[in-house]
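Structure file entry32.pdb (PDB, C-alpha atoms and all ligand atoms) follows.
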MODEL        1
ATOM      1  CA  MET A   9     -16.638  11.234   2.483  1.00  0.00           C
ATOM      2  CA  SER A  10     -14.637   8.542   4.247  1.00  0.00           C
ATOM      3  CA  GLU A  11     -15.776   4.967   3.944  1.00  0.00           C
ATOM      4  CA  PRO A  12     -16.009   2.490   6.830  1.00  0.00           C
ATOM      5  CA  THR A  13     -12.742   0.780   7.690  1.00  0.00           C
ATOM      6  CA  GLN A  14     -11.584  -1.880  10.104  1.00  0.00           C
ATOM      7  CA  LEU A  15      -8.202  -1.872  11.792  1.00  0.00           C
ATOM      8  CA  VAL A  16      -6.502  -5.158  10.861  1.00  0.00           C
ATOM      9  CA  LYS A  17      -3.180  -6.451  12.164  1.00  0.00           C
ATOM     10  CA  ILE A  18      -0.982  -7.034   9.119  1.00  0.00           C
ATOM     11  CA  CYS A  19       2.441  -7.975  10.446  1.00  0.00           C
ATOM     12  CA  ASN A  20       5.151  -7.068  12.916  1.00  0.00           C
ATOM     13  CA  ALA A  21       7.446  -4.165  12.122  1.00  0.00           C
ATOM     14  CA  SER A  22      10.356  -6.619  12.138  1.00  0.00           C
ATOM     15  CA  ASP A  23       8.700  -8.464   9.196  1.00  0.00           C
ATOM     16  CA  LEU A  24       9.125  -5.397   6.952  1.00  0.00           C
ATOM     17  CA  PRO A  25      12.350  -4.490   5.182  1.00  0.00           C
ATOM     18  CA  LYS A  26      13.982  -1.426   6.795  1.00  0.00           C
ATOM     19  CA  ASN A  27      13.625   0.599   3.614  1.00  0.00           C
ATOM     20  CA  GLY A  28      11.242  -1.215   1.338  1.00  0.00           C
ATOM     21  CA  GLY A  29       7.827  -2.679   0.842  1.00  0.00           C
ATOM     22  CA  LYS A  30       6.051  -5.979   1.223  1.00  0.00           C
ATOM     23  CA  GLY A  31       2.789  -7.257  -0.242  1.00  0.00           C
ATOM     24  CA  PHE A  32      -0.031  -8.863   1.755  1.00  0.00           C
ATOM     25  CA  GLN A  33      -3.415 -10.312   0.876  1.00  0.00           C
ATOM     26  CA  VAL A  34      -6.119  -8.984   3.205  1.00  0.00           C
ATOM     27  CA  GLY A  35      -9.580 -10.227   2.282  1.00  0.00           C
ATOM     28  CA  THR A  36      -9.841  -9.380  -1.410  1.00  0.00           C
ATOM     29  CA  LEU A  37      -7.313  -6.537  -1.139  1.00  0.00           C
ATOM     30  CA  ASP A  38      -3.748  -6.659  -2.436  1.00  0.00           C
ATOM     31  CA  LEU A  39      -2.085  -4.466   0.170  1.00  0.00           C
ATOM     32  CA  GLY A  40       1.388  -2.949   0.039  1.00  0.00           C
ATOM     33  CA  VAL A  41       3.016  -1.876   3.314  1.00  0.00           C
ATOM     34  CA  TYR A  42       6.168   0.221   3.218  1.00  0.00           C
ATOM     35  CA  GLN A  43       8.769   1.351   5.686  1.00  0.00           C
ATOM     36  CA  SER A  44      10.850   4.316   4.610  1.00  0.00           C
ATOM     37  CA  ASP A  45      13.219   6.184   6.933  1.00  0.00           C
ATOM     38  CA  GLY A  46      11.218   4.958   9.935  1.00  0.00           C
ATOM     39  CA  LYS A  47       7.864   6.049   8.469  1.00  0.00           C
ATOM     40  CA  LEU A  48       5.114   3.561   7.607  1.00  0.00           C
ATOM     41  CA  PHE A  49       2.752   3.692   4.630  1.00  0.00           C
ATOM     42  CA  ALA A  50       0.056   1.403   3.239  1.00  0.00           C
ATOM     43  CA  THR A  51      -1.396   1.463  -0.277  1.00  0.00           C
ATOM     44  CA  HIS A  52      -3.296  -0.654  -2.744  1.00  0.00           C
ATOM     45  CA  ASP A  53      -0.516  -2.844  -4.085  1.00  0.00           C
ATOM     46  CA  ILE A  54      -1.603  -2.845  -7.727  1.00  0.00           C
ATOM     47  CA  CYS A  55      -0.395  -0.121 -10.069  1.00  0.00           C
ATOM     48  CA  SER A  56      -3.177   1.999 -11.585  1.00  0.00           C
ATOM     49  CA  HIS A  57      -1.594   1.638 -15.035  1.00  0.00           C
ATOM     50  CA  GLU A  58      -1.517  -2.158 -15.471  1.00  0.00           C
ATOM     51  CA  HIS A  59      -1.584  -5.157 -13.155  1.00  0.00           C
ATOM     52  CA  GLU A  60       1.768  -4.906 -11.399  1.00  0.00           C
ATOM     53  CA  TYR A  61       2.703  -5.212  -7.717  1.00  0.00           C
ATOM     54  CA  LEU A  62       4.066  -1.896  -6.506  1.00  0.00           C
ATOM     55  CA  SER A  63       5.603  -3.503  -3.424  1.00  0.00           C
ATOM     56  CA  ASP A  64       8.082  -5.156  -5.848  1.00  0.00           C
ATOM     57  CA  GLY A  65       9.111  -1.675  -7.030  1.00  0.00           C
ATOM     58  CA  TRP A  66      11.678   0.838  -5.845  1.00  0.00           C
ATOM     59  CA  LEU A  67      11.163   2.990  -2.803  1.00  0.00           C
ATOM     60  CA  GLU A  68      12.438   6.559  -2.978  1.00  0.00           C
ATOM     61  CA  GLY A  69      11.676   8.437   0.218  1.00  0.00           C
ATOM     62  CA  GLU A  70       7.908   8.825   0.288  1.00  0.00           C
ATOM     63  CA  CYS A  71       7.414   7.585  -3.302  1.00  0.00           C
ATOM     64  CA  ILE A  72       7.167   4.157  -4.862  1.00  0.00           C
ATOM     65  CA  GLU A  73       8.230   3.501  -8.430  1.00  0.00           C
ATOM     66  CA  CYS A  74       6.396   0.792 -10.361  1.00  0.00           C
ATOM     67  CA  PRO A  75       8.746  -1.993 -11.444  1.00  0.00           C
ATOM     68  CA  ARG A  76       7.055  -2.424 -14.851  1.00  0.00           C
ATOM     69  CA  HIS A  77       7.025   0.988 -16.561  1.00  0.00           C
ATOM     70  CA  GLY A  78       8.409   3.263 -13.877  1.00  0.00           C
ATOM     71  CA  ALA A  79       5.366   5.361 -12.903  1.00  0.00           C
ATOM     72  CA  ARG A  80       5.869   6.969  -9.495  1.00  0.00           C
ATOM     73  CA  PHE A  81       3.218   7.335  -6.801  1.00  0.00           C
ATOM     74  CA  SER A  82       3.127   9.301  -3.573  1.00  0.00           C
ATOM     75  CA  LEU A  83       2.837   6.867  -0.653  1.00  0.00           C
ATOM     76  CA  LYS A  84       1.227   9.657   1.380  1.00  0.00           C
ATOM     77  CA  THR A  85      -1.573  10.625  -0.983  1.00  0.00           C
ATOM     78  CA  GLY A  86      -1.581   7.909  -3.665  1.00  0.00           C
ATOM     79  CA  GLU A  87      -1.224  10.570  -6.360  1.00  0.00           C
ATOM     80  CA  ALA A  88       0.313   9.444  -9.650  1.00  0.00           C
ATOM     81  CA  LEU A  89       3.440  11.602  -9.967  1.00  0.00           C
ATOM     82  CA  SER A  90       4.692  10.473 -13.354  1.00  0.00           C
ATOM     83  CA  MET A  91       3.593   8.805 -16.558  1.00  0.00           C
ATOM     84  CA  PRO A  92       2.461   6.373 -17.737  1.00  0.00           C
ATOM     85  CA  ALA A  93       0.088   6.226 -14.740  1.00  0.00           C
ATOM     86  CA  THR A  94      -2.535   8.963 -14.573  1.00  0.00           C
ATOM     87  CA  GLN A  95      -4.888   7.581 -11.922  1.00  0.00           C
ATOM     88  CA  PRO A  96      -4.085   7.571  -8.192  1.00  0.00           C
ATOM     89  CA  ILE A  97      -3.814   4.469  -6.024  1.00  0.00           C
ATOM     90  CA  GLU A  98      -5.674   4.071  -2.726  1.00  0.00           C
ATOM     91  CA  VAL A  99      -3.781   4.799   0.486  1.00  0.00           C
ATOM     92  CA  TYR A 100      -4.718   3.597   3.966  1.00  0.00           C
ATOM     93  CA  ALA A 101      -3.973   4.764   7.489  1.00  0.00           C
ATOM     94  CA  VAL A 102      -1.288   2.786   9.334  1.00  0.00           C
ATOM     95  CA  GLU A 103      -0.969   2.462  13.115  1.00  0.00           C
ATOM     96  CA  ARG A 104       1.919   0.981  14.990  1.00  0.00           C
ATOM     97  CA  LYS A 105       1.258  -0.515  18.421  1.00  0.00           C
ATOM     98  CA  GLY A 106       4.560  -1.674  19.875  1.00  0.00           C
ATOM     99  CA  ASP A 107       6.001  -3.962  17.207  1.00  0.00           C
ATOM    100  CA  GLU A 108       2.619  -4.634  15.594  1.00  0.00           C
ATOM    101  CA  ILE A 109       1.481  -2.927  12.384  1.00  0.00           C
ATOM    102  CA  PHE A 110      -2.229  -2.303  11.852  1.00  0.00           C
ATOM    103  CA  VAL A 111      -3.852  -0.890   8.714  1.00  0.00           C
ATOM    104  CA  ALA A 112      -7.330   0.642   8.378  1.00  0.00           C
ATOM    105  CA  ILE A 113      -8.762  -1.627   5.667  1.00  0.00           C
ATOM    106  CA  PRO A 114     -11.964  -0.523   3.894  1.00  0.00           C
ATOM    107  CA  VAL A 115     -14.613  -3.079   4.940  1.00  0.00           C
ATOM    108  CA  ARG A 116     -15.642  -3.652   1.312  1.00  0.00           C
ATOM    109  CA  TYR A 117     -12.452  -5.736   0.955  1.00  0.00           C
ATOM    110  CA  LEU A 118     -13.229  -7.769   4.070  1.00  0.00           C
ATOM    111  CA  LYS A 119     -16.725  -8.956   3.162  1.00  0.00           C
ATOM    112  CA  PRO A 120     -17.002 -12.590   2.095  1.00  0.00           C
ATOM    113  CA  GLN A 121     -16.896 -13.044  -1.682  1.00  0.00           C
ATOM    114  CA  GLY A 122     -20.329 -12.844  -3.259  1.00  0.00           C
ATOM    115  CA  ALA A 123     -21.951 -11.330  -0.140  1.00  0.00           C
TER     116      ALA A 123
HETATM  117  S1  LIG B 201       2.241  -1.186 -14.772  1.00  0.00           S
HETATM  118 FE1  LIG B 201       2.909   0.343 -13.430  1.00  0.00          FE
HETATM  119  S2  LIG B 201       3.630   1.894 -14.738  1.00  0.00           S
HETATM  120 FE2  LIG B 201       2.836   0.413 -16.095  1.00  0.00          FE
ENDMDL
END
Take the structure I supplied and represent it as structure tokens, if you would.
Ligand code: FES
Amino acid sequence: MSEPTQLVKICNASDLPKNGGKGFQVGTLDLGVYQSDGKLFATHDICSHEHEYLSDGWLEGECIECPRHGARFSLKTGEALSMPATQPIEVYAVERKGDEIFVAIPVRYLKPQGA
């Protein structure tokens, strides 16, 4: 079942590296947004193995490799493709409107802390 999301403007396409990722803080979410061969992806930015920012890792086509221990994740599905990670990461829908990049952020990350 899909959870409620809100489309949030994250950045302009020109703010992203042509083939790479960038991390953003959106509410309580660490968000990673990636541009690879003209395609856009958005994921939870924290590796499911330990606390590491995936957007600092290496992009290989539609996969991101964690900079700490080298686990690879699908940017399309969030699936963990190699050890040592075994759990998936969350992925989010991305929309481009002109130069602006929007991501469907689950509203649970947007609620005020403690609410
Ligand atoms: S922290 Fe990402 S693979 Fe270990």
Selected residue of minimal separation from ligand LIG 201 (chain B) among A:Phe32, A:Tyr42, A:Tyr61, A:Phe49, counting all atoms listed in the file: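 Going through A:Phe32, A:Tyr42, A:Tyr61, A:Phe49 one by one, the smallest distance to ligand LIG 201 (chain B) is for A:Tyr61.
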Chain and number of each residue from the PyMOL selection byres (((chain A and resi 85) around 9) and not hetatm), as a PyMOL selection string: chain A and resi 81-84+86-88+96-99
Exercise answer, 7 Å around ligand LIG 201 (chain B) with only C-alpha atoms and all ligand atoms, as an MDAnalysis selection string: chainID A and resid 55:60 74:79 92:93
Which of A:Thr13, A:Gln95, A:Gly28, A:Leu39 sits closest to Glu68 of chain A [using only C-alpha atoms]: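 Using only C-alpha atoms, the shortest distance to Glu68 of chain A belongs to A:Gly28.
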Of the listed residues A:Leu62, A:Ser44, A:Tyr100, A:Ser90, that which approaches Ala112 of chain A most closely, counting only C-alpha atoms: A:Tyr100
Residue with smallest distance to Pro25 of chain A - pool A:Thr94, A:Thr51, A:Ser10, A:Ser63, counting all atoms listed in the file: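 Answer, going by the shortest atom-to-atom distance: A:Ser63.
With distances restricted to only C-alpha atoms, A:Ala21 is the closest residue to Ile109 of chain A from A:Leu15, A:Ile54, A:Ile72, A:Ala21.
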Would you compute, for all listed atoms of segment 26-39 of chain A, the axis-aligned bounding box grown by 3 Å on each side, and then report its centre and edge lengths in Å rounded to one decimal, as JSON?
{"center_x": 2.1, "center_y": -4.9, "center_z": 2.2, "size_x": 29.8, "size_y": 16.9, "size_z": 15.2}
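Taken over the shown file, the PyMOL selection byres (((chain A and resi 23) around 12) and not hetatm) identifies Ile18, Cys19, Asn20, Ala21, Ser22, Leu24, Pro25, Lys26, Asn27, Gly28, Gly29, Lys30, Gly31, Phe32, Val41, Tyr42, Gln43, Asp107, Glu108 and Ile109 of chain A.
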Distance in Å - atom CA of Lys17 of chain A versus atom CA of Asp45 of chain A: 21.4 Å
Option closest in space to Ala101 of chain A, from A:Ile113, A:Leu118, A:Leu89, A:Cys71 [counting all atoms listed in the file]: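 Closest candidate: A:Ile113.
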Starting from the incomplete input, reconstruct N, CA and C atoms of segment 56-82 of chain A and report them as a short mmCIF file (atom, residue, chain, number, x, y, z; two decimals), in the frame of the given file.
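Generated output (result14.cif):
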data_model
loop_
_atom_site.label_atom_id
_atom_site.label_comp_id
_atom_site.auth_asym_id
_atom_site.auth_seq_id
_atom_site.Cartn_x
_atom_site.Cartn_y
_atom_site.Cartn_z
N SER A 56 -1.95 1.56 -10.91
CA SER A 56 -3.18 2.00 -11.58
C SER A 56 -3.02 1.97 -13.10
N HIS A 57 -1.82 1.68 -13.58
CA HIS A 57 -1.59 1.64 -15.04
C HIS A 57 -1.91 0.26 -15.59
N GLU A 58 -1.22 -0.77 -15.10
CA GLU A 58 -1.52 -2.16 -15.47
C GLU A 58 -1.38 -2.99 -14.22
N HIS A 59 -1.62 -4.31 -14.35
CA HIS A 59 -1.58 -5.16 -13.16
C HIS A 59 -0.14 -5.48 -12.79
N GLU A 60 0.40 -4.68 -11.88
CA GLU A 60 1.77 -4.91 -11.40
C GLU A 60 1.81 -4.61 -9.90
N TYR A 61 2.61 -5.40 -9.18
CA TYR A 61 2.70 -5.21 -7.72
C TYR A 61 3.71 -4.10 -7.40
N LEU A 62 3.20 -3.03 -6.83
CA LEU A 62 4.07 -1.90 -6.51
C LEU A 62 5.07 -2.23 -5.41
N SER A 63 4.68 -3.16 -4.53
CA SER A 63 5.60 -3.50 -3.42
C SER A 63 6.87 -4.18 -3.95
N ASP A 64 6.86 -4.62 -5.23
CA ASP A 64 8.08 -5.16 -5.85
C ASP A 64 8.92 -4.04 -6.48
N GLY A 65 8.44 -2.80 -6.38
CA GLY A 65 9.11 -1.68 -7.03
C GLY A 65 10.19 -1.06 -6.16
N TRP A 66 10.58 0.17 -6.51
CA TRP A 66 11.68 0.84 -5.84
C TRP A 66 11.15 1.98 -4.99
N LEU A 67 11.59 1.97 -3.74
CA LEU A 67 11.16 2.99 -2.80
C LEU A 67 12.15 4.16 -2.87
N GLU A 68 11.59 5.36 -3.00
CA GLU A 68 12.44 6.56 -2.98
C GLU A 68 11.81 7.53 -2.02
N GLY A 69 12.27 7.55 -0.78
CA GLY A 69 11.68 8.44 0.22
C GLY A 69 10.21 8.10 0.41
N GLU A 70 9.34 9.05 0.09
CA GLU A 70 7.91 8.82 0.29
C GLU A 70 7.21 8.51 -1.04
N CYS A 71 7.97 7.98 -2.00
CA CYS A 71 7.41 7.58 -3.30
C CYS A 71 7.75 6.14 -3.60
N ILE A 72 6.88 5.50 -4.37
CA ILE A 72 7.17 4.16 -4.86
C ILE A 72 7.15 4.21 -6.38
N GLU A 73 8.15 3.54 -6.97
CA GLU A 73 8.23 3.50 -8.43
C GLU A 73 7.83 2.11 -8.91
N CYS A 74 6.89 2.06 -9.84
CA CYS A 74 6.40 0.79 -10.36
C CYS A 74 7.52 0.05 -11.09
N PRO A 75 7.65 -1.25 -10.81
CA PRO A 75 8.75 -1.99 -11.44
C PRO A 75 8.53 -2.23 -12.94
N ARG A 76 7.28 -2.07 -13.43
CA ARG A 76 7.06 -2.42 -14.85
C ARG A 76 7.40 -1.29 -15.81
N HIS A 77 6.77 -0.11 -15.62
CA HIS A 77 7.02 0.99 -16.56
C HIS A 77 7.51 2.25 -15.86
N GLY A 78 7.75 2.16 -14.57
CA GLY A 78 8.41 3.26 -13.88
C GLY A 78 7.54 4.43 -13.43
N ALA A 79 6.20 4.28 -13.44
CA ALA A 79 5.37 5.36 -12.90
C ALA A 79 5.65 5.49 -11.41
N ARG A 80 5.61 6.73 -10.93
CA ARG A 80 5.87 6.97 -9.49
C ARG A 80 4.59 7.45 -8.82
N PHE A 81 4.40 6.98 -7.59
CA PHE A 81 3.22 7.34 -6.80
C PHE A 81 3.66 7.86 -5.45
N SER A 82 2.91 8.84 -4.94
CA SER A 82 3.13 9.30 -3.57
C SER A 82 2.55 8.26 -2.62
#
